[in-house]
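J.: Below is one structure. I have some questions about it.
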Amino acid sequence: MAAAKRTDVGLLVGAVDQGTSSTRFLVFDSKTAELLCHHQVEIRQEFPKEGWVEENPKEILLSVYECIEKACEKLQRLNIDISNVKAIGITNQRETTVVWDKVTGEPLYNAVVWLDLRTQSTVETLGKRIPGNNNFVKAKTGLPLSTYFSAVKVRWLLDNVRGVQQAAEEGRALFGTIDSWLIWNLTGGAEGGVHCTDVTNASRTMLFNIHSLEWDKELCEFFAIPMSLLPNVRSCSEIYGLMKRGALGGVPISGCLGDQSAALVGQMCFQDGQAKNTYGTGCFLLCNTGRKCVFSEHGLLTTVGYKLGRDQPVCYALEGSVAIAGALVRWLRDNLGIIKSSEEIEKLAKEVGTSYGCYFIPAFSGLYAPYWDPSARGIICGLTQFTNKCHLAFAALEAVCFQTREILDAMNRDCGIPLSHLQVDGGMTNNKVLMQLQADILCIPVVKPSMPEITALGAAMAAGAAEGVGVWSLDPEDLSAFIVERFEPQINAEESEVRYSIWKKAVMKSMGWVTTESSESGDPSIFSSLPLGFFVVSSMVMLIGARYISGIP
């Protein structure tokens, strides 16, 4: 006899969380925000040349289908009827660029990931065409001209991939960030799939006017990108289409936000001045500035925070973007082999409780906010014969915290009112050593919600609240408050400042390492221009990695 279906759960909302390193599908109770189940699949990254980062769009899509099916199986094992799932939201790694054939449904090239640096020469060439007294790109988009954003990635594909060129000329090419690629496929693909994006993802392309909330003709002409490639821009909370296959066939897809905007919503930062910091592959601090675009004087971005409905106002945000956070831990695991799992870094760091004067600048993709220096590269400073893998682990965690300190300082200067505490989320916040370090380095409390899946929660909230779904109320009185864990500073401010000043000194030494020619060609002659210290540090890192990989103490 079959077990009775559970009746103690309300209507459910699913969320696809497609990140740089993994895909997940999570199911929430719309009344309590309780996470009922989830499934996760790691995504393989490809590095075909130095500075290039790609992912397979078909692998990403298949991972979404797999996560949905496996999560639904888990629901059934919990005796929860999957027909209770009334909506699906999508949140995604932003800026990562896909171009595909709308006739065949096939991607025309790998997804060019947001971290990718291949477009640096394109950025430099275009930069010469922007008048110094009229940076119309930044004025319209809130973004600096950078390899980070989608427009230059599309330009590179059009210039360098014959299949993309031909499909564009023949009217077969479609462009989208990951959300667009997923929605198009999940709603039918070549057989009537919906080609759309939301305002938050559109605002990260450098083609979208954040004031008019439309694709901008002047920007498209500047980057020489045909507007026929672009998706329709929608709000973050409305029905885009229905799932066409799988266990949740017929369920509306009704929420869409870039991952950092989803976290802003999930943290319920709905008031001016509320901010959150998300620790994922990178690290992203967003502060809600309400209906006003605030332009930074200190290296931050102006971006769309969210627009929760077609008839709802848009809210903007200031953003501090750090390229490498969790990716540094993955690098220690996959490239150096000094840890076997990401969780192990906490144990190593805790063993020593100090970096012993070792400082890590993880500028693998240059430096993002507040410097925007694509020529920077990663360095490790302060190594001695005493340095071991535990000190490197501690230095890696400190690097994440110091980078957050830099963007928080910039945020405080732009906003004029320093944050009294920092709300945090993301996978790395499970690391208690990291959270305590962050409080010590910021000299303010760090507040972590007990429910860690804040990004997915934000996408679920937007989907459940959409007109025509209406199973999730965004009224502040109806939103459940989280139980939080609070980390108070445990060192004095003077010690924090000393460590931070040494970190800043190391940052200066990471800048200006490569030229455009050397970074694009991968020419070994790049090394002839580097100082001896580079080889000393590199040799030490390789020696330490080799010793610990082989088990030598």
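Scheme for the structure tokens: letters A, B, ... for chains in order shown; per-chain residue numbers from 1; ligand numbers from 1 in order shown.
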Stretch 90-231 of chain A: which residues are strand (DSSP E or B) by DSSP, as a list in words?

T.: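 Strand (DSSP E or B) assignments inside stretch 90-231 of chain A correspond to Ile90, Thr91, Asn92, Thr97, Val98, Val99, Trp100, Asp101, Pro107, Ala111, Val112, Ala173, Leu174, Phe175, Gly176, Thr177, Cys196, Thr197, Asp198, Phe208, Asn209, Glu214 and Trp215 of chain A.
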
J.: Grab the residues selected above and save them as a short mmCIF file (atom, residue, chain, number, x, y, z; two decimals), in the first residue's frame with C-alpha atoms.

T.:
data_model
loop_
_atom_site.label_atom_id
_atom_site.label_comp_id
_atom_site.auth_asym_id
_atom_site.auth_seq_id
_atom_site.Cartn_x
_atom_site.Cartn_y
_atom_site.Cartn_z
CA ILE A 90 15.73 30.77 -12.82
CA THR A 91 18.86 32.43 -11.50
CA ASN A 92 22.16 32.26 -13.30
CA THR A 97 27.61 34.46 -23.34
CA VAL A 98 25.98 31.90 -25.64
CA VAL A 99 25.18 32.21 -29.36
CA TRP A 100 23.08 29.47 -30.91
CA ASP A 101 21.23 28.52 -34.09
CA PRO A 107 25.11 26.25 -29.82
CA ALA A 111 29.69 29.56 -23.66
CA VAL A 112 32.29 32.29 -23.08
CA ALA A 173 21.74 33.40 -34.74
CA LEU A 174 20.38 34.13 -31.29
CA PHE A 175 22.38 35.58 -28.42
CA GLY A 176 21.66 35.23 -24.76
CA THR A 177 23.14 34.99 -21.33
CA CYS A 196 13.82 36.45 -23.60
CA THR A 197 15.88 37.73 -20.70
CA ASP A 198 15.15 39.88 -17.66
CA PHE A 208 21.17 47.78 -22.35
CA ASN A 209 20.18 51.31 -21.38
CA GLU A 214 15.63 48.97 -23.48
CA TRP A 215 18.33 47.71 -25.80
#

J.: Using only C-alpha atoms, determine which residues lie at most 10 Å from A:Leu300, disregarding the query and same-chain residues fewer than 4 positions distant; provide the list as number ranges by chain.

T.: A: 142-144, 285-286, 294-296, 318-321, 368-372, 407-408, 410-411, 414

J.: Please compute the atom CA of A:Thr387-atom CA of A:Asn492 distance, one decimal, in Å.

T.: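 Here the two named atoms are 25.2 Å from each other.
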
J.: Give me, please, the distance in Å between atom CA of A:Lys292 and atom CA of A:Ser150, quoted to one decimal.

T.: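 Between atom CA of A:Lys292 and atom CA of A:Ser150 the gap works out to 24.2 Å.
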
J.: Quick one: distance from atom CA of A:Val85 to atom CA of A:Pro231 in Å, one decimal?

T.: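 Computing it gives 27.1 Å between the two atoms.
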
J.: Using only C-alpha atoms, find each residue in stretch 365-472 of chain A having at least one atom no more than 12 Å away from stretch 115-139 of chain A; report its shortest atom-to-atom pair and that distance in Å (one decimal), rows by chain then rising number, as JSON lines.

T.:
{"residue": "A:Ser365", "atom": "CA", "partner": "A:Leu115", "partner_atom": "CA", "distance": 6.1}
{"residue": "A:Gly366", "atom": "CA", "partner": "A:Leu117", "partner_atom": "CA", "distance": 8.3}
{"residue": "A:Leu367", "atom": "CA", "partner": "A:Leu115", "partner_atom": "CA", "distance": 10.7}
{"residue": "A:Tyr368", "atom": "CA", "partner": "A:Leu115", "partner_atom": "CA", "distance": 10.1}
{"residue": "A:Trp372", "atom": "CA", "partner": "A:Gln120", "partner_atom": "CA", "distance": 12.0}
{"residue": "A:Asp373", "atom": "CA", "partner": "A:Gln120", "partner_atom": "CA", "distance": 10.6}
{"residue": "A:Pro374", "atom": "CA", "partner": "A:Gln120", "partner_atom": "CA", "distance": 7.5}
{"residue": "A:Ser375", "atom": "CA", "partner": "A:Gln120", "partner_atom": "CA", "distance": 9.2}
{"residue": "A:Ala376", "atom": "CA", "partner": "A:Leu117", "partner_atom": "CA", "distance": 11.5}
{"residue": "A:Arg377", "atom": "CA", "partner": "A:Leu117", "partner_atom": "CA", "distance": 11.6}

J.: Save out the residues we just selected, N, CA, C and O atoms, as a short mmCIF file (atom, residue, chain, number, x, y, z; two decimals), in the first residue's frame.

T.:
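Saved the output as again-v1.cif:
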data_model
loop_
_atom_site.label_atom_id
_atom_site.label_comp_id
_atom_site.auth_asym_id
_atom_site.auth_seq_id
_atom_site.Cartn_x
_atom_site.Cartn_y
_atom_site.Cartn_z
N SER A 365 42.04 36.56 -13.21
CA SER A 365 41.38 37.19 -14.35
C SER A 365 41.54 38.71 -14.27
O SER A 365 40.63 39.46 -14.61
N GLY A 366 42.72 39.14 -13.83
CA GLY A 366 42.91 40.56 -13.57
C GLY A 366 42.22 40.94 -12.27
O GLY A 366 41.75 40.09 -11.52
N LEU A 367 42.16 42.22 -12.02
CA LEU A 367 41.46 42.74 -10.84
C LEU A 367 40.19 43.44 -11.27
O LEU A 367 40.19 44.26 -12.19
N TYR A 368 39.08 43.10 -10.61
CA TYR A 368 37.81 43.77 -10.85
C TYR A 368 37.73 44.97 -9.89
O TYR A 368 38.71 45.69 -9.70
N TRP A 372 39.73 47.55 -11.67
CA TRP A 372 39.47 47.29 -13.08
C TRP A 372 40.77 47.28 -13.87
O TRP A 372 40.94 48.01 -14.84
N ASP A 373 41.69 46.42 -13.44
CA ASP A 373 42.99 46.29 -14.10
C ASP A 373 43.12 44.88 -14.69
O ASP A 373 43.42 43.93 -13.98
N PRO A 374 42.89 44.74 -16.00
CA PRO A 374 42.98 43.41 -16.62
C PRO A 374 44.41 42.90 -16.73
O PRO A 374 44.63 41.72 -17.02
N SER A 375 45.40 43.77 -16.54
CA SER A 375 46.80 43.34 -16.67
C SER A 375 47.34 42.71 -15.40
O SER A 375 48.45 42.17 -15.39
N ALA A 376 46.60 42.78 -14.29
CA ALA A 376 47.05 42.18 -13.03
C ALA A 376 47.01 40.66 -13.13
O ALA A 376 46.21 40.09 -13.88
N ARG A 377 47.88 40.01 -12.37
CA ARG A 377 47.86 38.55 -12.28
C ARG A 377 48.11 38.13 -10.83
O ARG A 377 48.63 38.90 -10.02
#

J.: Would you pick out the contacts of A:Glu497 at 10 Å or less, using only C-alpha atoms, so that residues sharing its chain but fewer than 5 positions from it are not included, and give the list as a PyMOL selection string?

T.: chain A and resi 441-443+492+502-503
